[in-house]
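Structure below is target32.cif: mmCIF, C-alpha atoms.
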```
data_query
#
loop_
_atom_site.label_atom_id
_atom_site.label_comp_id
_atom_site.auth_asym_id
_atom_site.auth_seq_id
_atom_site.Cartn_x
_atom_site.Cartn_y
_atom_site.Cartn_z
CA MET A 1 6.69 -15.33 -15.77
CA ASN A 2 8.56 -13.01 -18.13
CA GLU A 3 12.15 -14.32 -18.47
CA SER A 4 13.61 -10.84 -18.05
CA ASN A 5 12.07 -10.62 -14.56
CA LYS A 6 14.05 -13.44 -12.98
CA LYS A 7 16.61 -11.09 -11.39
CA LYS A 8 14.23 -8.21 -10.78
CA LYS A 9 12.77 -7.40 -7.40
CA ILE A 10 9.93 -5.60 -5.66
CA ILE A 11 10.86 -2.80 -3.29
CA CYS A 12 8.20 -1.78 -0.77
CA ILE A 13 8.68 1.63 0.84
CA GLY A 14 6.29 2.13 3.72
CA GLU A 15 5.67 2.15 7.41
CA CYS A 16 6.20 -0.63 9.93
CA ALA A 17 3.49 -0.44 12.59
CA LEU A 18 1.37 -2.60 14.87
CA ASP A 19 -2.44 -2.72 14.96
CA ILE A 20 -4.23 -3.53 18.24
CA VAL A 21 -7.92 -4.37 17.95
CA PHE A 22 -10.40 -4.03 20.84
CA GLY A 23 -13.81 -5.66 21.24
CA THR A 24 -17.10 -4.07 22.18
CA ASP A 25 -16.47 -4.79 25.88
CA GLY A 26 -13.25 -2.76 25.82
CA SER A 27 -10.97 -5.78 26.01
CA PRO A 28 -8.15 -6.24 23.49
CA LEU A 29 -8.84 -9.01 21.00
CA GLY A 30 -5.33 -9.19 19.60
CA SER A 31 -2.61 -7.47 17.63
CA MET A 32 -1.08 -7.85 14.19
CA PRO A 33 1.37 -5.97 11.93
CA GLY A 34 -0.38 -3.00 10.35
CA GLY A 35 -0.26 -1.05 7.13
CA ARG A 36 -1.16 -2.00 3.58
CA LEU A 37 2.44 -1.80 2.38
CA ALA A 38 4.00 -3.97 5.07
CA ASN A 39 1.25 -6.56 4.73
CA ALA A 40 1.46 -6.44 0.93
CA ALA A 41 5.21 -7.06 1.21
CA ALA A 42 4.59 -10.11 3.40
CA LEU A 43 1.93 -11.48 1.04
CA LEU A 44 4.22 -11.05 -1.97
CA ALA A 45 7.15 -12.74 -0.23
CA ARG A 46 5.00 -15.72 0.83
CA GLU A 47 4.19 -16.24 -2.84
CA GLY A 48 7.91 -16.51 -3.57
CA MET A 49 8.41 -13.00 -4.94
CA PRO A 50 11.77 -11.26 -4.30
CA VAL A 51 10.72 -8.48 -1.92
CA VAL A 52 12.82 -5.83 -0.17
CA MET A 53 11.30 -3.65 2.58
CA ALA A 54 12.71 -0.11 2.81
CA ALA A 55 11.39 1.27 6.07
CA GLU A 56 12.19 1.98 9.69
CA ALA A 57 11.15 0.59 13.03
CA ALA A 58 12.26 1.49 16.50
CA ALA A 59 14.60 -0.81 18.37
CA ASP A 60 11.74 -1.69 20.72
CA ALA A 61 9.55 -4.74 21.31
CA VAL A 62 6.90 -3.53 18.88
CA GLY A 63 9.52 -2.98 16.20
CA ASP A 64 10.91 -6.46 16.85
CA THR A 65 7.43 -7.95 16.37
CA VAL A 66 6.83 -6.26 13.02
CA VAL A 67 10.30 -6.80 11.56
CA GLU A 68 10.34 -10.45 12.63
CA PHE A 69 6.92 -10.89 10.97
CA LEU A 70 8.32 -9.54 7.70
CA ALA A 71 11.45 -11.68 7.93
CA ARG A 72 9.46 -14.85 8.66
CA SER A 73 7.34 -14.12 5.60
CA GLY A 74 10.50 -14.05 3.45
CA VAL A 75 10.91 -10.28 3.09
CA ASP A 76 14.47 -8.93 2.89
CA THR A 77 14.64 -6.53 5.88
CA THR A 78 18.25 -5.41 5.33
CA ASN A 79 17.03 -1.90 4.50
CA VAL A 80 14.82 -1.50 7.59
CA ASP A 81 16.48 1.08 9.85
CA ARG A 82 16.10 0.31 13.57
CA PHE A 83 16.11 3.77 15.15
CA THR A 84 16.69 4.27 18.89
CA GLU A 85 15.17 7.72 19.52
CA GLY A 86 11.45 7.09 19.31
CA ARG A 87 8.83 4.35 19.25
CA THR A 88 7.36 2.11 16.55
CA PRO A 89 3.85 3.37 15.66
CA VAL A 90 0.79 1.64 17.12
CA THR A 91 -2.79 2.04 15.84
CA ILE A 92 -5.64 1.25 18.21
CA TYR A 93 -8.93 0.12 16.67
CA MET A 94 -11.95 0.61 18.95
CA PRO A 95 -15.62 -0.06 18.05
CA GLY A 96 -17.61 3.17 17.95
CA VAL A 97 -21.20 3.80 19.04
CA ASP A 98 -22.24 4.03 15.37
CA GLY A 99 -20.93 0.54 14.64
CA HIS A 100 -17.88 1.81 12.78
CA VAL A 101 -14.36 1.11 13.98
CA LYS A 102 -12.47 4.16 15.22
CA ALA A 103 -8.73 4.24 14.67
CA THR A 104 -6.40 6.13 17.01
CA ARG A 105 -2.71 6.30 16.22
CA TYR A 106 0.25 6.62 18.57
CA GLU A 107 3.74 7.35 17.25
CA GLN A 108 7.05 8.86 18.27
CA TYR A 109 9.50 9.43 15.46
CA ALA A 110 12.84 11.19 15.77
CA ASP A 111 13.31 14.51 13.98
CA ASP A 112 15.58 12.84 11.41
CA SER A 113 13.23 10.19 10.07
CA PHE A 114 13.76 7.62 7.31
CA ASP A 115 17.54 7.50 7.68
CA ILE A 116 17.83 4.21 5.79
CA VAL A 117 20.46 2.72 3.52
CA TRP A 118 18.99 2.91 0.02
CA PRO A 119 18.31 -0.44 -1.65
CA ARG A 120 19.89 -1.00 -5.03
CA ILE A 121 17.32 -0.22 -7.73
CA GLU A 122 17.52 -1.58 -11.28
CA GLU A 123 15.52 -0.96 -14.41
CA ALA A 124 12.20 -2.89 -14.37
CA ASP A 125 12.22 -3.33 -10.59
CA ILE A 126 8.83 -2.49 -9.10
CA VAL A 127 8.67 0.12 -6.35
CA LEU A 128 5.52 0.02 -4.21
CA PHE A 129 5.17 3.11 -1.99
CA GLY A 130 2.57 5.26 -0.30
CA GLY A 131 0.41 5.88 2.74
CA TYR A 132 1.01 8.82 5.05
CA TYR A 133 4.66 7.77 5.06
CA ALA A 134 5.01 9.21 1.53
CA ILE A 135 3.55 12.64 2.33
CA ASP A 136 4.68 13.36 5.90
CA ARG A 137 7.04 16.33 5.88
CA ARG A 138 9.56 14.70 8.21
CA MET A 139 9.77 11.52 6.13
CA ARG A 140 9.52 13.13 2.71
CA ARG A 141 12.73 15.13 2.99
CA ARG A 142 14.68 11.86 2.86
CA MET A 143 12.20 9.70 0.94
CA LEU A 144 11.63 11.91 -2.12
CA PRO A 145 15.23 11.62 -3.39
CA LEU A 146 14.91 7.81 -3.19
CA LEU A 147 11.64 7.86 -5.14
CA GLN A 148 13.13 10.20 -7.75
CA HIS A 149 16.18 7.95 -8.03
CA ALA A 150 13.92 4.92 -8.57
CA ALA A 151 12.04 6.76 -11.33
CA GLU A 152 15.32 7.77 -12.99
CA ARG A 153 16.44 4.13 -12.87
CA LYS A 154 13.23 3.27 -14.80
CA ALA A 155 11.64 1.24 -12.04
CA LEU A 156 7.90 0.74 -12.37
CA MET A 157 6.33 2.93 -9.67
CA VAL A 158 3.10 1.85 -7.92
CA TYR A 159 1.57 4.40 -5.52
CA LEU A 160 -0.87 3.64 -2.67
CA PRO A 161 -2.30 6.97 -1.45
CA GLY A 162 -4.36 7.17 1.70
CA TYR A 163 -4.00 8.03 5.38
CA LEU A 164 -6.03 8.52 8.55
CA PRO A 165 -7.76 11.93 8.61
CA GLN A 166 -6.37 12.52 12.11
CA GLN A 167 -2.86 12.46 10.66
CA GLU A 168 -3.58 15.51 8.52
CA PRO A 169 -7.03 17.14 8.78
CA ARG A 170 -6.29 19.69 6.04
CA ILE A 171 -5.84 18.14 2.59
CA THR A 172 -4.38 21.38 1.23
CA ARG A 173 -1.25 20.82 3.29
CA VAL A 174 -0.42 17.48 1.71
CA MET A 175 -1.96 17.80 -1.76
CA PRO A 176 1.31 19.03 -3.36
CA ALA A 177 3.09 15.88 -2.13
CA ILE A 178 0.23 13.64 -3.31
CA LEU A 179 0.31 15.19 -6.78
CA GLU A 180 4.09 14.81 -6.91
CA ASN A 181 3.72 11.14 -5.99
CA LEU A 182 1.10 10.69 -8.73
CA GLU A 183 3.50 12.20 -11.23
CA LEU A 184 6.20 9.71 -10.23
CA ALA A 185 3.86 6.71 -10.47
CA GLN A 186 2.66 4.66 -13.42
CA VAL A 187 -0.03 2.79 -11.44
CA VAL A 188 -2.14 4.01 -8.50
CA VAL A 189 -3.96 1.57 -6.18
CA THR A 190 -6.73 3.21 -4.13
CA ARG A 191 -9.85 2.62 -2.08
CA SER A 192 -12.94 4.76 -2.59
CA VAL A 193 -12.42 6.17 0.91
CA ASP A 194 -9.02 7.46 -0.28
CA LEU A 195 -10.59 9.10 -3.32
CA GLN A 196 -13.23 10.77 -1.14
CA LEU A 197 -10.62 12.08 1.28
CA ILE A 198 -8.23 13.35 -1.40
CA PHE A 199 -10.41 14.33 -4.36
CA GLY A 200 -13.86 14.71 -2.78
CA THR A 201 -15.45 11.88 -4.79
CA ARG A 202 -15.89 8.12 -4.39
CA ASP A 203 -16.35 7.77 -8.16
CA ALA A 204 -13.13 6.17 -9.45
CA ALA A 205 -13.91 6.97 -13.09
CA ALA A 206 -14.37 10.66 -12.25
CA ALA A 207 -11.25 10.68 -10.08
CA PHE A 208 -9.19 9.19 -12.90
CA ARG A 209 -10.70 11.45 -15.55
CA ASN A 210 -10.41 14.68 -13.56
CA HIS A 211 -7.30 14.09 -11.48
CA VAL A 212 -5.23 10.90 -11.60
CA GLY A 213 -5.13 10.49 -15.38
CA PHE A 214 -3.25 13.75 -15.80
CA TYR A 215 -0.28 12.24 -14.00
CA CYS A 216 -0.14 8.45 -14.41
CA ASN A 217 -1.39 5.70 -16.69
CA ALA A 218 -3.64 3.44 -14.64
CA LEU A 219 -5.83 3.39 -11.53
CA VAL A 220 -6.89 0.25 -9.65
CA ASN A 221 -9.63 1.03 -7.12
CA VAL A 222 -11.52 -0.96 -4.48
CA ASP A 223 -15.09 0.26 -4.02
CA ALA A 224 -16.27 -1.42 -0.81
CA THR A 225 -19.77 0.05 -1.05
CA ARG A 226 -20.37 -1.38 -4.54
CA HIS A 227 -18.30 -4.52 -3.80
CA CYS A 228 -16.09 -4.28 -6.87
CA VAL A 229 -12.52 -3.72 -8.00
CA GLU A 230 -12.05 -1.37 -10.94
CA TRP A 231 -9.39 -0.61 -13.54
CA HIS A 232 -9.25 2.78 -15.23
CA SER A 233 -6.73 3.84 -17.87
CA LYS A 234 -6.75 6.12 -20.87
CA GLY A 235 -7.45 3.19 -23.16
CA HIS A 236 -9.56 0.80 -21.12
CA THR A 237 -12.02 0.54 -18.22
CA ALA A 238 -13.15 -2.67 -16.52
CA SER A 239 -14.42 -3.93 -13.17
CA VAL A 240 -14.87 -7.19 -11.28
CA GLU A 241 -17.70 -7.70 -8.78
CA VAL A 242 -16.75 -9.28 -5.43
CA PRO A 243 -20.07 -9.59 -3.59
CA LEU A 244 -18.87 -12.24 -1.12
CA SER A 245 -15.49 -10.68 -0.29
CA PRO A 246 -14.82 -8.46 2.76
CA CYS A 247 -13.48 -5.75 0.46
CA GLY A 248 -13.68 -3.05 3.14
CA SER A 249 -11.15 -4.81 5.36
CA LEU A 250 -7.60 -3.63 5.74
CA MET A 251 -6.06 -7.03 4.97
CA TRP A 252 -8.19 -7.53 1.85
CA ASN A 253 -6.96 -4.19 0.54
CA ALA A 254 -3.37 -5.16 1.26
CA GLY A 255 -4.07 -8.26 -0.84
CA VAL A 256 -5.30 -6.11 -3.72
CA ALA A 257 -2.05 -4.15 -3.67
CA ALA A 258 -0.01 -7.38 -3.58
CA GLY A 259 -2.06 -9.03 -6.34
CA THR A 260 -1.80 -5.97 -8.58
CA THR A 261 1.96 -5.94 -8.10
CA THR A 262 2.22 -9.68 -8.81
CA ALA A 263 0.42 -9.29 -12.15
CA LEU A 264 2.59 -6.32 -13.16
CA TYR A 265 5.74 -8.25 -12.23
CA ALA A 266 4.68 -11.40 -14.07
CA ALA A 267 3.88 -9.41 -17.22
CA GLY A 268 7.14 -7.49 -17.15
CA ALA A 269 4.98 -4.37 -17.29
CA ASN A 270 6.54 -1.07 -18.27
CA PRO A 271 5.21 2.49 -18.71
CA GLU A 272 4.73 1.99 -22.44
CA MET A 273 2.58 -1.09 -21.89
CA LEU A 274 0.47 0.79 -19.34
CA GLN A 275 0.16 3.82 -21.56
CA ALA A 276 -1.38 1.61 -24.23
CA GLY A 277 -4.03 0.51 -21.72
CA ALA A 278 -3.59 -3.14 -22.71
CA GLN A 279 -6.79 -5.10 -22.05
CA LEU A 280 -4.94 -8.33 -21.30
CA LEU A 281 -2.84 -6.61 -18.64
CA CYS A 282 -5.97 -5.05 -17.16
CA ASP A 283 -7.74 -8.40 -16.95
CA ASN A 284 -4.70 -10.08 -15.39
CA VAL A 285 -4.33 -7.31 -12.80
CA LEU A 286 -7.97 -7.50 -11.72
CA ARG A 287 -7.94 -11.29 -11.57
CA SER A 288 -4.71 -11.36 -9.55
CA ALA A 289 -5.83 -8.55 -7.23
CA VAL A 290 -9.04 -10.34 -6.24
CA ALA A 291 -7.41 -13.78 -5.94
CA THR A 292 -4.59 -12.53 -3.71
CA ALA A 293 -6.99 -10.49 -1.56
CA ASP A 294 -9.29 -13.46 -1.03
CA LEU A 295 -6.29 -15.66 -0.19
CA ALA A 296 -5.07 -13.09 2.33
CA ILE A 297 -8.42 -13.22 4.11
CA ALA A 298 -8.54 -17.03 3.95
CA GLN A 299 -5.21 -17.18 5.81
CA LEU A 300 -6.60 -15.24 8.79
CA THR A 301 -7.59 -17.36 11.77
CA THR A 302 -10.04 -15.09 13.64
CA ASP A 303 -12.72 -12.57 12.70
CA TRP A 304 -11.16 -9.67 14.64
CA GLN A 305 -8.30 -9.69 12.12
CA LYS A 306 -10.76 -8.66 9.41
CA ILE A 307 -10.97 -5.11 10.70
CA HIS A 308 -12.54 -2.57 8.37
CA GLU A 309 -11.44 0.96 7.75
#
```

Starting from the file, lay out its structure as structure tokens.
Amino acid sequence: MNESNKKKKIICIGECALDIVFGTDGSPLGSMPGGRLANAAALLAREGMPVVMAAEAAADAVGDTVVEFLARSGVDTTNVDRFTEGRTPVTIYMPGVDGHVKATRYEQYADDSFDIVWPRIEEADIVLFGGYYAIDRRMRRRMLPLLQHAAERKALMVYLPGYLPQQEPRITRVMPAILENLELAQVVVTRSVDLQLIFGTRDAAAAFRNHVGFYCNALVNVDATRHCVEWHSKGHTASVEVPLSPCGSLMWNAGVAAGTTTALYAAGANPEMLQAGAQLLCDNVLRSAVATADLAIAQLTTDWQKIHE
């Protein structure tokens, strides 16, 4: 690991939620903490990385479950605000008649959301942020100044776009926030379903060429249909095939985000390095992303935990 990284940290800014998965007979199979960012934070902390979670959770039983999960994994939860007026979000996953899982979300946030104490941010820290949390109008009023502060402090910004269509059926309403997030970021980690929802294409190369590349230096994308993980930058393009991996699952994608962040942290990556499109960095990111994602799946104990989007 780069010597200059020893005192640096990873700050994850995202939602704390709980996923409840139901079987085909309508009975609940189980529950687990939800969200790519929260699960990526837990995966990173279990690997010994210094991780801080900047988020909020209600002072309810669901919030207790999620925050305790993060703390047990080794995540610093000092900057998780426990609000009292509202409820921690819950996402219900039900099997549909077409064989696809249908997600229904329940939430109750207070009007003044994301009222957290800002974590201290230093140069070369990595800030991992995204999801609907980063574009919701209630959250964004308080979150955007924190993201701008992190960018001014020269933290390396990694953005995970993506959200459930039911959260915002009209992309035009949130596109300005998405583009602003892209402009803040140096690396974007997506799934092809995100690219389709946001840019109208599942082709990561086209999305980078026509959209993402105008704002940031690198795109890491999981294409579940083609079973591969791709890297796209202005100087280099590469991909790794993962035919035996459940790359459409939520936990596998959380592992990709964690593995990408691990490789960037270990390399002491900075915007200049990413702008150069370094092949070695690209190879390390792809290798780490797949390895961490496969490990995340290997740690699951039952098949229902491998829910797909």

Practice task
Name the residues that the PyMOL selection byres ((chain A and resi 290) around 10) pulls out of this structure, and write them as an NGL selection string.
Solution key: :A and (222 or 228-229 or 240-242 or 245 or 247 or 252-253 or 255-260 or 285-289 or 291-296)

Exercise for the section: Pull out every residue that the PyMOL selection byres ((chain A and resi 46) around 12) matches in the shown coordinates and put them as an MDAnalysis selection string. Expected result: chainID A and resid 39:45 47:51 69:76 255 258 262 292 295:296 299

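Using only C-alpha atoms, the nearest neighbour of A:Val212 within the list A:Leu300, A:Val187, A:Leu197, A:Ala224 is A:Val187.
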
Care to translate the PyMOL selection byres ((chain A and resi 116-123) around 7) into actual residues of this file, as a compact mmCIF listing (two decimals) with C-alpha atoms, in the coordinates of the input?
```
# COMPACT_ATOMS: atom_id res chain seq x y z
CA ASN A 79 17.03 -1.90 4.50
CA VAL A 80 14.82 -1.50 7.59
CA ASP A 81 16.48 1.08 9.85
CA PHE A 114 13.76 7.62 7.31
CA ASP A 115 17.54 7.50 7.68
CA ALA A 124 12.20 -2.89 -14.37
CA ASP A 125 12.22 -3.33 -10.59
CA ALA A 150 13.92 4.92 -8.57
CA ARG A 153 16.44 4.13 -12.87
CA LYS A 154 13.23 3.27 -14.80
CA ALA A 155 11.64 1.24 -12.04
```

Exercise for the section: Could you check how far atom CA of A:Ser113 sits from atom CA of A:Ile20, in Å to one decimal? Expected result: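 One can read the atom CA of A:Ser113 to atom CA of A:Ile20 distance as 23.7 Å.
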
Practice task
Do a neighbour search on A:Asp136 at 10 Å with only C-alpha atoms, toss out local chain neighbours closer than 3 positions, and write the hits as a PyMOL selection string.
Solution key: chain A and resi 131-133+139-141+143+167-168+173-174+177

Problem - Pairwise distance for atom CA of A:Asn181 and atom CA of A:Tyr159, rounded to one decimal in Å - result: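 Separating atom CA of A:Asn181 from atom CA of A:Tyr159 is a distance of 7.1 Å.
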
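Neighbouring residues of A:Thr302 at 12 Å or closer, counting all atoms listed in the file and skipping chain neighbours under 3 positions away, are A:Val21, A:Leu29, A:Gly30, A:Ser31, A:Met32, A:Ile297, A:Ala298, A:Gln299, A:Gln305, A:Lys306, A:Ile307.
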
Exercise for the section: Quote the spacing between atom CA of A:Ala205 and atom CA of A:Tyr163 in Å to one decimal place. Expected result: 21.0 Å

Problem - Selection near A:Ala110, 10 Å with all atoms listed in the file, sequence-local residues under 6 positions removed, as a ChimeraX atom specification - result: /A:58,83-87,138

Using the selection just defined, write its residues with C-alpha atoms as a JSON list (two decimals), in the frame of the given file.
```json
[["chain", "number", "residue", "atom", "x", "y", "z"],
["A", 58, "ALA", "CA", 12.26, 1.49, 16.50],
["A", 83, "PHE", "CA", 16.11, 3.77, 15.15],
["A", 84, "THR", "CA", 16.69, 4.27, 18.89],
["A", 85, "GLU", "CA", 15.17, 7.72, 19.52],
["A", 86, "GLY", "CA", 11.45, 7.09, 19.31],
["A", 87, "ARG", "CA", 8.83, 4.35, 19.25],
["A", 138, "ARG", "CA", 9.56, 14.70, 8.21]]
```

Practice task
Please identify all polymer residues within 12 Å of A:Arg191, counting only C-alpha atoms, omitting same-chain residues fewer than 4 positions from it, and present them as an NGL selection string.
Solution key: :A and (36 or 131 or 160-163 or 195-199 or 201-204 or 207 or 219-231 or 247-250 or 252-254 or 256-257 or 308-309)

Quick one: 3 Å padding each side, axis-aligned, all listed atoms of stretch 197-200 of chain A - centre and edge lengths in Å to one decimal, as AutoDock Vina command-line options?
```
--center_x -11.0 --center_y 13.4 --center_z -1.5 --size_x 11.6 --size_y 8.6 --size_z 11.6
```

Practice task
Considering all atoms listed in the file, return as a VMD selection string whatever protein or nucleic-acid residues lie within 9 Å of A:Leu184, sequence-local ones (same chain, fewer than 4 positions apart) excluded.
Solution key: chain A and resid 147 to 148 151 157 to 159 179 to 180 215 to 216

Practice task
Could you check which of A:His149, A:Arg142, A:Lys7, A:Arg82 is closest to A:Val127, using all atoms listed in the file?
Solution key: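 Looking at the shortest contact to A:Val127, the residue is A:His149.
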
Fill in the blank from the handout: Nearest to A:Pro271, restricted to all atoms listed in the file and choosing among A:Thr301, A:Gln186, A:Thr104, A:Thr65, comes out as A:Gln186
